[in-house]
file coords-v6.cif (mmCIF, N, CA and C atoms)
data_work
#
loop_
_atom_site.label_atom_id
_atom_site.label_comp_id
_atom_site.auth_asym_id
_atom_site.auth_seq_id
_atom_site.Cartn_x
_atom_site.Cartn_y
_atom_site.Cartn_z
N MET C 428 88.51 91.34 67.54
CA MET C 428 88.89 92.49 66.74
C MET C 428 88.51 92.28 65.28
N THR C 429 88.63 91.04 64.77
CA THR C 429 88.29 90.76 63.37
C THR C 429 86.83 91.08 63.10
N LEU C 430 85.94 90.67 63.98
CA LEU C 430 84.52 90.94 63.81
C LEU C 430 84.26 92.44 63.86
N GLN C 431 84.92 93.13 64.76
CA GLN C 431 84.72 94.58 64.89
C GLN C 431 85.15 95.32 63.64
N VAL C 432 86.33 95.01 63.14
CA VAL C 432 86.88 95.71 61.97
C VAL C 432 86.16 95.33 60.68
N ASN C 433 85.92 94.03 60.49
CA ASN C 433 85.37 93.55 59.22
C ASN C 433 83.86 93.60 59.12
N HIS C 434 83.16 93.73 60.23
CA HIS C 434 81.70 93.80 60.12
C HIS C 434 81.07 94.89 60.98
N LEU C 435 81.31 94.88 62.27
CA LEU C 435 80.56 95.78 63.15
C LEU C 435 80.78 97.25 62.84
N SER C 436 81.97 97.63 62.40
CA SER C 436 82.22 99.05 62.09
C SER C 436 81.34 99.51 60.94
N GLY C 437 81.25 98.73 59.86
CA GLY C 437 80.39 99.10 58.74
C GLY C 437 78.91 99.03 59.10
N PHE C 438 78.55 98.04 59.89
CA PHE C 438 77.17 97.89 60.36
C PHE C 438 76.77 99.14 61.15
N LEU C 439 77.62 99.55 62.08
CA LEU C 439 77.33 100.74 62.88
C LEU C 439 77.23 101.98 62.00
N LEU C 440 78.17 102.15 61.09
CA LEU C 440 78.17 103.33 60.22
C LEU C 440 76.89 103.42 59.39
N THR C 441 76.48 102.32 58.77
CA THR C 441 75.26 102.37 57.96
C THR C 441 74.03 102.65 58.81
N ASN C 442 74.01 102.13 60.02
CA ASN C 442 72.86 102.42 60.88
C ASN C 442 72.86 103.86 61.37
N LEU C 443 74.03 104.42 61.63
CA LEU C 443 74.10 105.83 62.02
C LEU C 443 73.70 106.75 60.87
N LEU C 444 73.96 106.31 59.65
CA LEU C 444 73.65 107.11 58.45
C LEU C 444 72.32 106.74 57.80
N LYS C 445 71.55 105.90 58.42
CA LYS C 445 70.33 105.36 57.79
C LYS C 445 69.44 106.46 57.20
N GLU C 446 69.14 107.46 57.98
CA GLU C 446 68.25 108.53 57.51
C GLU C 446 68.82 109.22 56.27
N ARG C 447 70.08 109.54 56.31
CA ARG C 447 70.73 110.22 55.17
C ARG C 447 70.79 109.30 53.95
N LEU C 448 71.08 108.02 54.17
CA LEU C 448 71.13 107.06 53.06
C LEU C 448 69.76 106.96 52.40
N GLU C 449 68.71 106.93 53.20
CA GLU C 449 67.36 106.84 52.64
C GLU C 449 66.98 108.11 51.89
N GLU C 450 67.33 109.26 52.44
CA GLU C 450 67.02 110.53 51.78
C GLU C 450 67.68 110.64 50.41
N SER C 451 68.90 110.12 50.31
CA SER C 451 69.67 110.26 49.07
C SER C 451 69.52 109.06 48.14
N LYS C 452 68.70 108.08 48.53
CA LYS C 452 68.53 106.87 47.71
C LYS C 452 69.89 106.23 47.40
N ALA C 453 70.69 106.07 48.41
CA ALA C 453 72.08 105.63 48.30
C ALA C 453 72.22 104.15 47.96
N THR C 454 73.42 103.80 47.59
CA THR C 454 73.81 102.41 47.40
C THR C 454 74.91 102.10 48.41
N VAL C 455 74.77 101.01 49.12
CA VAL C 455 75.77 100.58 50.10
C VAL C 455 76.45 99.33 49.54
N ILE C 456 77.77 99.37 49.50
CA ILE C 456 78.55 98.24 49.01
C ILE C 456 79.35 97.66 50.18
N ASN C 457 79.15 96.39 50.47
CA ASN C 457 79.91 95.69 51.50
C ASN C 457 80.93 94.78 50.83
N THR C 458 82.14 94.80 51.32
CA THR C 458 83.15 93.88 50.83
C THR C 458 82.99 92.56 51.58
N SER C 459 82.81 91.50 50.82
CA SER C 459 82.71 90.18 51.41
C SER C 459 83.90 89.35 50.95
N SER C 460 83.74 88.06 50.97
CA SER C 460 84.82 87.17 50.59
C SER C 460 84.24 85.78 50.38
N LEU C 461 84.90 85.01 49.53
CA LEU C 461 84.50 83.62 49.40
C LEU C 461 84.71 82.86 50.71
N ALA C 462 85.48 83.45 51.61
CA ALA C 462 85.70 82.85 52.92
C ALA C 462 84.41 82.79 53.73
N ASN C 463 83.36 83.46 53.25
CA ASN C 463 82.10 83.43 53.99
C ASN C 463 81.58 82.00 54.16
N VAL C 464 81.98 81.10 53.29
CA VAL C 464 81.51 79.71 53.40
C VAL C 464 82.08 79.03 54.65
N MET C 465 83.16 79.57 55.19
CA MET C 465 83.74 79.02 56.43
C MET C 465 83.10 79.62 57.66
N GLY C 466 82.29 80.65 57.46
CA GLY C 466 81.69 81.34 58.59
C GLY C 466 80.52 80.61 59.19
N LYS C 467 80.34 80.82 60.46
CA LYS C 467 79.20 80.26 61.19
C LYS C 467 78.88 81.24 62.30
N ILE C 468 77.66 81.71 62.31
CA ILE C 468 77.26 82.69 63.32
C ILE C 468 76.73 81.97 64.54
N ASP C 469 77.43 82.13 65.64
CA ASP C 469 77.02 81.56 66.92
C ASP C 469 76.80 82.72 67.87
N PHE C 470 75.54 83.11 68.05
CA PHE C 470 75.22 84.27 68.87
C PHE C 470 75.57 84.06 70.34
N ASN C 471 75.80 82.83 70.74
CA ASN C 471 76.22 82.55 72.11
C ASN C 471 77.73 82.62 72.28
N ASP C 472 78.46 82.78 71.18
CA ASP C 472 79.92 82.84 71.24
C ASP C 472 80.45 83.71 70.09
N LEU C 473 80.00 84.97 70.03
CA LEU C 473 80.41 85.86 68.93
C LEU C 473 81.91 86.13 68.92
N GLU C 474 82.56 85.99 70.05
CA GLU C 474 84.01 86.22 70.09
C GLU C 474 84.80 84.94 69.85
N ASN C 475 84.10 83.86 69.55
CA ASN C 475 84.72 82.56 69.26
C ASN C 475 85.70 82.11 70.33
N GLU C 476 85.32 82.30 71.56
CA GLU C 476 86.18 81.90 72.68
C GLU C 476 86.24 80.38 72.83
N LYS C 477 85.20 79.69 72.41
CA LYS C 477 85.16 78.23 72.57
C LYS C 477 86.15 77.53 71.65
N SER C 478 86.21 77.97 70.40
CA SER C 478 87.15 77.34 69.45
C SER C 478 87.56 78.38 68.41
N TYR C 479 88.61 79.11 68.72
CA TYR C 479 89.04 80.20 67.85
C TYR C 479 89.80 79.69 66.63
N SER C 480 89.43 80.22 65.50
CA SER C 480 90.16 79.99 64.25
C SER C 480 90.10 81.31 63.48
N ALA C 481 91.25 81.85 63.13
CA ALA C 481 91.28 83.15 62.45
C ALA C 481 90.45 83.14 61.17
N MET C 482 90.55 82.08 60.38
CA MET C 482 89.81 82.02 59.12
C MET C 482 88.31 81.86 59.37
N LYS C 483 87.92 81.13 60.40
CA LYS C 483 86.50 80.98 60.72
C LYS C 483 85.91 82.32 61.16
N VAL C 484 86.65 83.05 61.97
CA VAL C 484 86.18 84.36 62.43
C VAL C 484 86.08 85.33 61.25
N TYR C 485 87.07 85.32 60.38
CA TYR C 485 87.04 86.18 59.19
C TYR C 485 85.86 85.79 58.30
N GLY C 486 85.67 84.50 58.08
CA GLY C 486 84.55 84.02 57.27
C GLY C 486 83.21 84.41 57.86
N THR C 487 83.09 84.35 59.17
CA THR C 487 81.85 84.74 59.84
C THR C 487 81.58 86.23 59.63
N ALA C 488 82.60 87.05 59.75
CA ALA C 488 82.43 88.49 59.53
C ALA C 488 81.99 88.77 58.10
N LYS C 489 82.54 88.05 57.14
CA LYS C 489 82.18 88.26 55.74
C LYS C 489 80.79 87.72 55.44
N LEU C 490 80.39 86.64 56.10
CA LEU C 490 79.02 86.15 55.99
C LEU C 490 78.05 87.20 56.54
N MET C 491 78.41 87.80 57.66
CA MET C 491 77.58 88.84 58.25
C MET C 491 77.45 90.03 57.30
N ASN C 492 78.51 90.36 56.55
CA ASN C 492 78.43 91.46 55.58
C ASN C 492 77.39 91.16 54.50
N ILE C 493 77.34 89.93 54.04
CA ILE C 493 76.36 89.53 53.02
C ILE C 493 74.95 89.66 53.59
N LEU C 494 74.75 89.15 54.79
CA LEU C 494 73.44 89.21 55.42
C LEU C 494 73.04 90.66 55.70
N HIS C 495 74.01 91.48 56.05
CA HIS C 495 73.76 92.90 56.30
C HIS C 495 73.26 93.59 55.03
N ALA C 496 73.89 93.34 53.90
CA ALA C 496 73.44 93.93 52.64
C ALA C 496 72.02 93.47 52.31
N MET C 497 71.73 92.21 52.55
CA MET C 497 70.38 91.71 52.30
C MET C 497 69.35 92.42 53.18
N GLU C 498 69.71 92.67 54.42
CA GLU C 498 68.79 93.34 55.33
C GLU C 498 68.64 94.82 55.02
N ILE C 499 69.70 95.46 54.53
CA ILE C 499 69.58 96.86 54.10
C ILE C 499 68.54 96.93 52.99
N ASN C 500 68.62 96.03 52.01
CA ASN C 500 67.65 96.01 50.91
C ASN C 500 66.23 95.82 51.43
N ARG C 501 66.08 95.06 52.49
CA ARG C 501 64.76 94.75 53.03
C ARG C 501 64.23 95.84 53.95
N ARG C 502 65.11 96.44 54.75
CA ARG C 502 64.64 97.34 55.81
C ARG C 502 64.78 98.83 55.50
N PHE C 503 65.77 99.23 54.69
CA PHE C 503 65.96 100.65 54.41
C PHE C 503 65.09 101.03 53.22
N LYS C 504 64.41 102.15 53.30
CA LYS C 504 63.52 102.59 52.22
C LYS C 504 64.33 103.32 51.13
N GLY C 505 64.29 102.77 49.91
CA GLY C 505 64.94 103.41 48.77
C GLY C 505 66.45 103.22 48.69
N VAL C 506 67.01 102.41 49.57
CA VAL C 506 68.45 102.16 49.58
C VAL C 506 68.71 100.78 48.99
N SER C 507 69.70 100.69 48.13
CA SER C 507 70.09 99.37 47.62
C SER C 507 71.45 99.01 48.21
N ALA C 508 71.66 97.73 48.35
CA ALA C 508 72.93 97.27 48.94
C ALA C 508 73.36 96.00 48.23
N ALA C 509 74.67 95.81 48.18
CA ALA C 509 75.24 94.61 47.57
C ALA C 509 76.53 94.26 48.29
N SER C 510 76.93 93.02 48.15
CA SER C 510 78.22 92.55 48.66
C SER C 510 79.02 92.04 47.48
N PHE C 511 80.33 92.19 47.54
CA PHE C 511 81.16 91.66 46.46
C PHE C 511 82.44 91.06 47.02
N HIS C 512 82.96 90.10 46.30
CA HIS C 512 84.24 89.47 46.62
C HIS C 512 85.25 90.04 45.64
N PRO C 513 86.26 90.76 46.13
CA PRO C 513 87.20 91.42 45.22
C PRO C 513 88.22 90.47 44.59
N GLY C 514 88.31 89.26 45.08
CA GLY C 514 89.34 88.34 44.62
C GLY C 514 90.42 88.24 45.69
N ALA C 515 91.46 87.49 45.38
CA ALA C 515 92.58 87.34 46.31
C ALA C 515 93.50 88.55 46.11
N VAL C 516 93.47 89.46 47.06
CA VAL C 516 94.14 90.75 46.93
C VAL C 516 95.40 90.78 47.79
N SER C 517 96.46 91.32 47.22
CA SER C 517 97.71 91.51 47.94
C SER C 517 97.55 92.70 48.88
N SER C 518 97.36 92.39 50.15
CA SER C 518 97.12 93.43 51.14
C SER C 518 97.72 92.98 52.47
N GLY C 519 97.32 93.63 53.53
CA GLY C 519 97.79 93.23 54.85
C GLY C 519 97.01 92.04 55.40
N PHE C 520 96.16 91.45 54.57
CA PHE C 520 95.36 90.31 54.99
C PHE C 520 96.27 89.20 55.52
N ALA C 521 95.84 88.54 56.54
CA ALA C 521 96.51 87.37 57.13
C ALA C 521 97.76 87.70 57.92
N ARG C 522 98.04 88.94 58.17
CA ARG C 522 99.25 89.26 58.94
C ARG C 522 99.18 88.70 60.35
N GLU C 523 97.96 88.40 60.80
CA GLU C 523 97.80 87.81 62.13
C GLU C 523 97.20 86.41 62.05
N GLY C 524 97.17 85.83 60.86
CA GLY C 524 96.55 84.52 60.67
C GLY C 524 97.48 83.37 61.00
N SER C 525 97.04 82.18 60.60
CA SER C 525 97.84 80.98 60.85
C SER C 525 99.15 81.06 60.08
N SER C 526 100.11 80.28 60.47
CA SER C 526 101.44 80.39 59.88
C SER C 526 101.47 80.12 58.38
N LEU C 527 100.70 79.15 57.88
CA LEU C 527 100.72 78.83 56.45
C LEU C 527 100.14 79.97 55.62
N VAL C 528 98.99 80.46 56.01
CA VAL C 528 98.36 81.57 55.26
C VAL C 528 99.22 82.82 55.37
N LYS C 529 99.71 83.11 56.54
CA LYS C 529 100.56 84.28 56.75
C LYS C 529 101.82 84.17 55.89
N TRP C 530 102.43 82.99 55.88
CA TRP C 530 103.64 82.76 55.08
C TRP C 530 103.36 83.04 53.61
N PHE C 531 102.24 82.53 53.10
CA PHE C 531 101.90 82.71 51.69
C PHE C 531 101.77 84.19 51.34
N TYR C 532 101.08 84.95 52.17
CA TYR C 532 100.86 86.37 51.90
C TYR C 532 102.13 87.21 52.04
N GLU C 533 103.15 86.66 52.67
CA GLU C 533 104.39 87.43 52.89
C GLU C 533 105.54 87.00 51.99
N THR C 534 105.34 85.99 51.15
CA THR C 534 106.43 85.52 50.28
C THR C 534 106.25 86.04 48.87
N PRO C 535 107.30 85.96 48.05
CA PRO C 535 107.18 86.38 46.64
C PRO C 535 106.13 85.57 45.86
N LEU C 536 105.73 84.41 46.37
CA LEU C 536 104.69 83.62 45.71
C LEU C 536 103.40 84.42 45.54
N LYS C 537 103.18 85.35 46.46
CA LYS C 537 101.94 86.13 46.39
C LYS C 537 101.81 86.86 45.06
N ASN C 538 102.96 87.23 44.46
CA ASN C 538 102.93 87.95 43.19
C ASN C 538 102.37 87.10 42.04
N LEU C 539 102.42 85.79 42.19
CA LEU C 539 101.89 84.90 41.16
C LEU C 539 100.37 84.70 41.29
N PHE C 540 99.83 84.85 42.48
CA PHE C 540 98.44 84.47 42.73
C PHE C 540 97.53 85.61 43.18
N LEU C 541 98.10 86.69 43.65
CA LEU C 541 97.29 87.76 44.21
C LEU C 541 97.22 88.96 43.28
N ILE C 542 96.10 89.68 43.31
CA ILE C 542 95.95 90.88 42.49
C ILE C 542 96.22 92.11 43.35
N SER C 543 96.43 93.23 42.70
CA SER C 543 96.68 94.48 43.42
C SER C 543 95.37 94.98 44.05
N PRO C 544 95.48 95.80 45.08
CA PRO C 544 94.26 96.38 45.66
C PRO C 544 93.45 97.17 44.62
N GLU C 545 94.13 97.80 43.68
CA GLU C 545 93.41 98.55 42.64
C GLU C 545 92.56 97.62 41.77
N LYS C 546 93.10 96.47 41.42
CA LYS C 546 92.34 95.50 40.63
C LYS C 546 91.20 94.89 41.45
N GLY C 547 91.40 94.79 42.75
CA GLY C 547 90.35 94.27 43.61
C GLY C 547 89.15 95.20 43.69
N LEU C 548 89.35 96.46 43.39
CA LEU C 548 88.28 97.45 43.41
C LEU C 548 87.39 97.37 42.17
N ILE C 549 87.87 96.80 41.09
CA ILE C 549 87.15 96.78 39.81
C ILE C 549 85.74 96.19 39.94
N PRO C 550 85.52 95.05 40.63
CA PRO C 550 84.14 94.54 40.73
C PRO C 550 83.19 95.54 41.39
N CYS C 551 83.70 96.29 42.35
CA CYS C 551 82.87 97.29 43.02
C CYS C 551 82.53 98.42 42.06
N LEU C 552 83.51 98.90 41.31
CA LEU C 552 83.27 99.98 40.36
C LEU C 552 82.30 99.59 39.27
N ALA C 553 82.35 98.33 38.86
CA ALA C 553 81.46 97.83 37.82
C ALA C 553 79.99 97.94 38.25
N TYR C 554 79.74 97.89 39.52
CA TYR C 554 78.38 97.98 40.04
C TYR C 554 77.76 99.33 39.71
N PHE C 555 78.59 100.37 39.63
CA PHE C 555 78.09 101.73 39.43
C PHE C 555 78.00 102.14 37.96
N ARG C 556 78.36 101.27 37.06
CA ARG C 556 78.30 101.63 35.64
C ARG C 556 76.92 101.48 35.09
#
call {"tool": "encode", "arguments": {"input": "coords-v6.cif", "output": "structure tokens"}}
result
Amino acid sequence: MTLQVNHLSGFLLTNLLKERLEESKATVINTSSLANVMGKIDFNDLENEKSYSAMKVYGTAKLMNILHAMEINRRFKGVSAASFHPGAVSSGFAREGSSLVKWFYETPLKNLFLISPEKGLIPCLAYFR
């Protein structure tokens, strides 16, 4: 489900809209994460059935988002694409993750280290200025 929500849904949408994106000379922005460094794409085990780790699966999806933006720039005519890391955002992230990460995101400690979703949007908005 992590791969579907964090990567495949956006991948499918951009491919379904390819013609319209090219006609309008659009910009596609993918949300990535520094967690991409934990990602590893194994085409023989995309569902990570051999050794599941929530953070590895999340990192793989975010790595795929970066690669997807690179391929949009290469394959779509007149379309630009970029990926950005919004920072550590206070959201529903990790609600299904390991106990330590989940605990951190659900305690008052999050207020000391996490930014609001609105502040997480700022890097994306800066791209359009």
call {"tool": "residues_around", "arguments": {"input": "coords-v6.cif", "residues": "Val455 of chain C", "least_positions_apart": "5", "cutoff": "8 Å", "atoms": "all atoms listed in the file", "output": "list of chain:residue names"}}
result
C:Ala496, C:Val506, C:Ser507, C:Ala508, C:Ala509, C:Ser510
call {"tool": "select_by_dssp", "arguments": {"input": "coords-v6.cif", "residues": "chain C", "states": "strand (DSSP E)", "output": "JSON, numbers by chain"}}
result
{"C": [454, 455, 456, 457, 458, 507, 508, 509, 510, 511]}
call {"tool": "residues_around", "arguments": {"input": "coords-v6.cif", "residues": "Thr458 of chain C", "least_positions_apart": "2", "cutoff": "5 Å", "atoms": "only N, CA and C atoms", "output": "number ranges by chain"}}
result
C: 456, 460, 511
call {"tool": "closest_residue", "arguments": {"input": "coords-v6.cif", "among": "C:Trp530, C:Phe540, C:Phe503, C:Tyr485", "to": "Thr429 of chain C", "atoms": "only N, CA and C atoms"}}
result
C:Tyr485
call {"tool": "closest_residue", "arguments": {"input": "coords-v6.cif", "among": "C:Met497, C:Val516, C:Leu430, C:Leu539", "to": "Leu473 of chain C", "atoms": "all atoms listed in the file"}}
result
C:Leu430
